[in-house]
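Take a look at the structure set out below.
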Amino acid sequence: MSISIKVKEGLAASSWTVKAFDGRAQTVSGEELYDFRLGNPKIEPPVEFVEELKVVANNPFPGMHGYSALAGHAQAREAIAQMLSKERGLNFTAHHVIMTAGGAGGLNIILKTLLNPGEEVIVLSPLYLEYPYYIDNHGGVCCLVETNADFTLNVENIAAKITPRTKAIIINSPNNPTGTIYSEESLKSVARLLDDKNREFGKDIFLIYDAAYQDIIYDGNKLPDIFNICHNTIFAASYSKPLSIPGERIGYTAVHPEMENSGELMDALTFSNRVLGYLSAPVLMQHVVANLQGVCVDRAEYQERRDMFCDALEDLGYSFQRPMGAYYIFPKIPGDDVVFVRELAKEGILVLPGKSFGRSGYIRIAFCVKKETIKNSLPGFKEVMNRFM
Ligand SMILES: Cc1ncc(COP(=O)(O)O)c(C=O)c1O
């Protein structure tokens with residue numbers, strides 16, 4: 001069939017994830033599948049979300065389901081601006097916020113807005129596997145930069161990849177797939193590097209901050225405030241993970257209030273939201289999230305799963321950095337990751353190979369699942385590790 005060559009290649013390369021969306025819970029012969037492939041949370045949304053949804057549904061008003069303004073409803077944008085101003089100590093207004101179709105919608109409008117054909121975007125590896133596709137969607141070139149062995153930022157590696165064609169760097173912290181939170185000091189070094197390069201090249205390199213997991217943090221860790229570190233920040237946030245509503249496709253993008261020409265940038269982001277076909281973010285959800293700033297699922301639920309899974313996997317001989325945030329474990333495994341993944345599949349355990357995230361020799365395990373799924377999968381994890389030891 002005459003589909004585009006690029007899409008055909010993308011389909012072939014993403015076969016692991018595409019299959020993961022088929023949603024089967026059992027093997028053909030009826031055995032339980034332990035599915036750790038997707039960050040599609042099995043923890044239900046917080047009660048505040050359900051209550052607010054009822055309030056909105058029970059108080060309809062004319063035009064409620066019509067198109068919203070392209071940048072989103074003023075009420076939602078103002079609520080977010082107020083929350084950001086309070087948390088960050090900066091003067092955000094509704095004019096610095098645009099409602100988006102999830103974090104993914106935000107990343108796509110940002111990249112469309114910034115990129116001329118052939119301009120480069122730096123992506124840190126291991127990486128969220130959709131970034132190269134999102135960059136390619138808008139004619140950009142993805143430049144991978146390795147992080148250190150412990151997945152911390154390697155600023156020299158980043159510096160070596162910056163060229164006059166560099167338009168942006170994407171930073172995702174807490175990170176998918178590694179669970180790393182980048183330190184304040186390392187982020188400040190990146191910000192200084194961008195300032196130096198901006199002076200050298202007489203242009204702006206933007207820091208696109210993917211904040212998908214900003215609320216899922218463990219052990220009382222603090223997330224460094226990127227807005228107070230880099231004035232060239234464009235922030236892509238999402239309600240998918242904090243409210244456990246990824247299917248509802250709602251998030252927001254915010255630009256640093258002190259960024260030069262932020263008005264022009266906001267107009268451009270709004271234009272991109274329109275012409276990418278989103279028009280505006282899903283409108284019912286805009287009404288619902290307006291009153292839910294700061295609401296989040298019980299993080300203790302995820303921390304409990306992380307601890308039980310990490311403790312058990314360590315005992316079985318798996319080695320990994322214990323995630324500081326997000327809900328993925330990224331163990332280094334002996335041998336080839338694709339072979340290891342196939343062996344786990346024979347035990348009914350589904351995970352993704354590290355090579356899908358730019359780092360072979362690892363596997364990614366999403367632990368946003370029921371506790372029984374973790375518990376019941378452990379004999380299979382043990383069996384496969386024993387085969388490789
Ligand atoms: C790192 C990262 N960024 C962005 C997204 C997109 O999330 P959404 O579009 O549901 O907000 C995800 C989803 O899993 C993610 O892991």
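Residue numbering restarts at 1 in every chain; chains get A, B, ... in the order shown in the structure tokens, and ligands count up from 1 in that same order.
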
Name the residues in contact with Phe206 of chain A at a cut-off of 8 Å, using only C-alpha atoms, excluding same-chain residues fewer than 5 positions from it; report them as a list in words.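 Once the nearby chain positions are removed, what remains is Lys167, Ala168, Ile169, Asn232, Thr233 and Ile234 of chain A.
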
For segment 323-331 of chain A, find every residue with an atom within 8 Å (counting only C-alpha atoms), except residues of its own chain fewer than 5 positions away, and show them as a CSV table (one decimal) with N, CA and C atoms, in the first residue's frame.
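And here is the file that came out, part37.csv:
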```csv
chain,number,residue,atom,x,y,z
A,39,GLY,N,3.1,3.5,30.3
A,39,GLY,CA,2.8,4.4,31.4
A,39,GLY,C,1.4,4.8,31.5
A,174,PRO,N,11.3,14.6,36.4
A,174,PRO,CA,11.7,13.2,36.4
A,174,PRO,C,11.6,12.6,35.1
A,175,ASN,N,12.6,11.7,34.8
A,175,ASN,CA,12.8,11.2,33.5
A,175,ASN,C,12.1,9.8,33.2
A,176,ASN,N,11.5,9.8,32.0
A,176,ASN,CA,11.1,8.5,31.4
A,176,ASN,C,12.1,8.2,30.4
A,177,PRO,N,12.9,7.1,30.5
A,177,PRO,CA,12.6,5.9,31.2
A,177,PRO,C,13.4,5.6,32.5
A,178,THR,N,14.3,6.6,32.9
A,178,THR,CA,15.2,6.2,34.0
A,178,THR,C,14.7,6.6,35.4
A,179,GLY,N,13.8,7.5,35.6
A,179,GLY,CA,13.3,7.9,36.9
A,179,GLY,C,14.3,8.9,37.5
A,180,THR,N,15.3,9.4,36.8
A,180,THR,CA,16.3,10.4,37.3
A,180,THR,C,15.6,11.7,37.4
A,181,ILE,N,16.0,12.4,38.5
A,181,ILE,CA,15.7,13.9,38.7
A,181,ILE,C,17.1,14.6,38.5
A,213,TYR,N,6.1,14.3,34.5
A,213,TYR,CA,6.1,13.6,35.8
A,213,TYR,C,6.4,14.5,36.9
A,214,GLN,N,6.2,15.8,36.8
A,214,GLN,CA,6.7,16.7,37.8
A,214,GLN,C,6.1,16.5,39.2
A,216,ILE,N,5.1,13.3,40.3
A,216,ILE,CA,5.3,12.0,40.8
A,216,ILE,C,6.8,11.8,41.2
A,217,ILE,N,7.0,12.1,42.5
A,217,ILE,CA,8.3,12.2,43.1
A,217,ILE,C,8.4,11.5,44.4
A,218,TYR,N,9.5,10.8,44.7
A,218,TYR,CA,9.6,10.0,45.9
A,218,TYR,C,10.6,10.5,46.9
A,219,ASP,N,10.4,9.9,48.1
A,219,ASP,CA,11.4,10.2,49.2
A,219,ASP,C,11.6,11.6,49.6
A,221,ASN,N,12.0,14.0,47.7
A,221,ASN,CA,12.9,14.7,46.7
A,221,ASN,C,12.2,16.0,46.3
A,302,TYR,N,2.3,5.0,44.5
A,302,TYR,CA,3.4,4.7,43.6
A,302,TYR,C,4.7,4.4,44.3
A,306,ARG,N,7.0,1.2,43.9
A,306,ARG,CA,8.4,1.3,43.6
A,306,ARG,C,9.2,0.5,44.6
A,310,CYS,N,11.3,-2.7,43.5
A,310,CYS,CA,12.8,-2.5,43.5
A,310,CYS,C,13.5,-3.5,44.5
A,318,TYR,N,18.8,-8.2,39.8
A,318,TYR,CA,18.7,-7.1,38.8
A,318,TYR,C,19.4,-5.8,39.4
A,354,GLY,N,15.5,-1.8,26.1
A,354,GLY,CA,16.2,-0.5,26.3
A,354,GLY,C,16.5,0.1,24.9
A,362,TYR,N,19.4,-2.7,28.4
A,362,TYR,CA,18.5,-2.4,29.5
A,362,TYR,C,17.1,-2.8,29.2
A,363,ILE,N,16.2,-2.9,30.2
A,363,ILE,CA,14.8,-3.0,29.9
A,363,ILE,C,14.1,-1.9,30.7
A,364,ARG,N,12.9,-1.6,30.1
A,364,ARG,CA,12.1,-0.6,30.9
A,364,ARG,C,10.8,-1.3,31.4
A,365,ILE,N,10.6,-1.1,32.7
A,365,ILE,CA,9.5,-1.7,33.4
A,365,ILE,C,8.6,-0.5,34.0
A,366,ALA,N,7.4,-0.5,33.5
A,366,ALA,CA,6.5,0.6,34.0
A,366,ALA,C,5.7,0.0,35.2
A,367,PHE,N,5.8,0.6,36.4
A,367,PHE,CA,5.2,0.0,37.6
A,367,PHE,C,3.9,0.7,38.0
A,368,CYS,N,3.2,1.4,37.1
A,368,CYS,CA,1.9,2.0,37.4
A,368,CYS,C,0.8,1.0,37.3
```

If we count only C-alpha atoms and set the cut-off at 9 Å, which residues sit around Asn91 of chain A, ignoring sequence neighbours fewer than 2 positions away in its own chain? Please answer as a list in words.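 So the residues in contact are Ala81, Gln82, Leu84, Ser85, Lys86, Arg88, Gly89, Thr93, Pro257 and Glu258 of chain A.
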
I'd like the neighbourhood of Arg359 of chain A as a ChimeraX atom specification, where a residue qualifies if any of its atoms comes within 8 Å (using only C-alpha atoms), though same-chain residues fewer than 4 positions away should be ignored. /A:125-126,354-355

Using only C-alpha atoms and all ligand atoms, pick whichever of A:Ser68, A:Ser238, A:Asn108, A:Thr113 has the shortest atom-to-atom distance to ligand 1.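 That would be A:Ser238, the residue with the smallest distance to ligand 1.
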
Which of these residues is nearest to ligand 1, using only C-alpha atoms and all ligand atoms: A:Ile98, A:Leu223, A:Ala237, A:Val121?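 Checking each of A:Ile98, A:Leu223, A:Ala237, A:Val121 against ligand 1, counting only C-alpha atoms and all ligand atoms, the winner is A:Ala237.
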
Neighbouring residues of ligand 1 are defined here as those with any atom at most 10 Å from a ligand atom, counting only C-alpha atoms and all ligand atoms; list them as an NGL selection string. :A and (38-41 or 100-108 or 127-131 or 171-177 or 209-213 or 236-242 or 244-252 or 326-328)

What separation in Å, quoted to one decimal, exists between atom CA of Lys42 of chain A and atom CA of Val369 of chain A?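 Result for atom CA of Lys42 of chain A versus atom CA of Val369 of chain A: 5.0 Å, one decimal.
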
Using only C-alpha atoms, which residues sit within 6 Å of segment 342-349 of chain A once same-chain residues fewer than 5 positions away are excluded, as a CSV table (one decimal) with C-alpha atoms, in the first residue's frame?
```
chain,number,residue,atom,x,y,z
A,33,LEU,CA,-0.2,-11.3,31.4
A,34,TYR,CA,2.0,-9.1,33.5
A,380,GLY,CA,9.0,-15.0,36.1
```

Considering only strand (DSSP E or B) as DSSP defines it on the backbone, what residues of segment 19-182 of chain A qualify? List them as a list of chain:residue names.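 Here is the list: A:Gln26, A:Glu32, A:Tyr34, A:Asp35, A:Val97, A:Ile98, A:Met99, A:Thr100, A:Glu120, A:Val121, A:Ile122, A:Val123, A:Leu124, A:Ser125, A:Val141, A:Cys142, A:Cys143, A:Leu144, A:Val145, A:Glu146, A:Thr166, A:Lys167, A:Ala168, A:Ile169, A:Ile170, A:Ile171, A:Asn172.
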
Could you pull the residues within 12 Å of Leu193 of chain A, counting only C-alpha atoms, minus those fewer than 5 positions along the same chain, as a compact mmCIF listing (two decimals) with N, CA and C atoms, in the first residue's frame?
```
# COMPACT_ATOMS: atom_id res chain seq x y z
N ASN A 154 25.37 15.08 31.40
CA ASN A 154 26.78 15.28 31.05
C ASN A 154 26.87 16.56 30.22
N VAL A 155 27.23 17.65 30.90
CA VAL A 155 27.16 18.97 30.25
C VAL A 155 28.20 19.08 29.13
N GLU A 156 29.35 18.41 29.29
CA GLU A 156 30.36 18.45 28.19
C GLU A 156 29.78 17.78 26.94
N ASN A 157 29.12 16.66 27.13
CA ASN A 157 28.51 15.99 25.96
C ASN A 157 27.50 16.91 25.27
N ILE A 158 26.73 17.66 26.08
CA ILE A 158 25.74 18.57 25.49
C ILE A 158 26.46 19.68 24.72
N ALA A 159 27.48 20.26 25.38
CA ALA A 159 28.22 21.37 24.75
C ALA A 159 28.78 20.94 23.39
N ALA A 160 29.27 19.69 23.34
CA ALA A 160 29.90 19.21 22.11
C ALA A 160 28.90 19.09 20.95
N LYS A 161 27.62 18.98 21.28
CA LYS A 161 26.61 18.78 20.22
C LYS A 161 25.95 20.08 19.77
N ILE A 162 26.20 21.18 20.49
CA ILE A 162 25.54 22.43 20.11
C ILE A 162 26.24 23.05 18.90
N ILE A 169 16.82 22.36 23.34
CA ILE A 169 17.18 21.11 24.02
C ILE A 169 15.93 20.68 24.79
N SER A 186 23.36 20.79 37.96
CA SER A 186 23.59 20.39 36.56
C SER A 186 22.68 21.18 35.61
N LEU A 187 21.45 21.48 36.05
CA LEU A 187 20.55 22.27 35.20
C LEU A 187 21.06 23.70 35.06
N LYS A 188 21.67 24.22 36.17
CA LYS A 188 22.24 25.58 36.08
C LYS A 188 23.40 25.59 35.09
N ASN A 198 24.24 31.23 23.16
CA ASN A 198 23.37 32.27 22.58
C ASN A 198 24.17 33.52 22.25
N ARG A 199 25.10 33.84 23.18
CA ARG A 199 25.95 35.03 22.93
C ARG A 199 26.86 34.76 21.73
N GLU A 200 27.46 33.54 21.73
CA GLU A 200 28.41 33.19 20.66
C GLU A 200 27.72 33.23 19.28
N ASP A 204 18.75 32.52 19.96
CA ASP A 204 18.15 31.91 21.15
C ASP A 204 18.04 30.41 21.01
N ILE A 205 18.64 29.70 21.96
CA ILE A 205 18.39 28.26 22.04
C ILE A 205 17.43 28.07 23.20
N PHE A 206 16.32 27.41 22.95
CA PHE A 206 15.27 27.28 23.97
C PHE A 206 15.45 25.99 24.77
N LEU A 207 15.05 26.06 26.03
CA LEU A 207 15.02 24.85 26.85
C LEU A 207 13.55 24.42 26.93
N ILE A 229 15.80 28.81 36.86
CA ILE A 229 17.14 28.41 36.43
C ILE A 229 17.41 28.91 35.01
N CYS A 230 16.39 28.83 34.15
CA CYS A 230 16.61 29.19 32.73
C CYS A 230 15.47 30.08 32.22
```

Output as a VMD selection string all residues of segment 16-219 of chain A that backbone DSSP marks as helix (DSSP H, G or I). chain A and resid 16 to 20 47 to 58 74 to 88 94 to 96 102 to 114 131 to 137 155 to 161 184 to 201

Residues near Asn386 of chain A, anyone? I mean within 9 Å using only C-alpha atoms, not counting same-chain ones fewer than 5 positions away, as a PyMOL selection string. chain A and resi 316-317+381

Hey, can you spit out that residue selection with N, CA and C atoms as a short mmCIF file (atom, residue, chain, number, x, y, z; two decimals), in the first residue's frame?
```cif
data_model
loop_
_atom_site.label_atom_id
_atom_site.label_comp_id
_atom_site.auth_asym_id
_atom_site.auth_seq_id
_atom_site.Cartn_x
_atom_site.Cartn_y
_atom_site.Cartn_z
N LEU A 316 16.62 -10.43 43.40
CA LEU A 316 16.71 -11.41 42.30
C LEU A 316 17.95 -11.18 41.42
N GLY A 317 18.75 -10.16 41.74
CA GLY A 317 19.99 -9.94 40.99
C GLY A 317 19.92 -8.89 39.91
N PHE A 381 10.32 -13.09 36.70
CA PHE A 381 11.56 -12.28 36.67
C PHE A 381 12.74 -13.11 37.21
#
```

Pairwise distance for atom CA of Val338 of chain A and atom CA of Leu313 of chain A, rounded to one decimal in Å: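 Answer for the atom CA of Val338 of chain A to atom CA of Leu313 of chain A separation: 18.9 Å.
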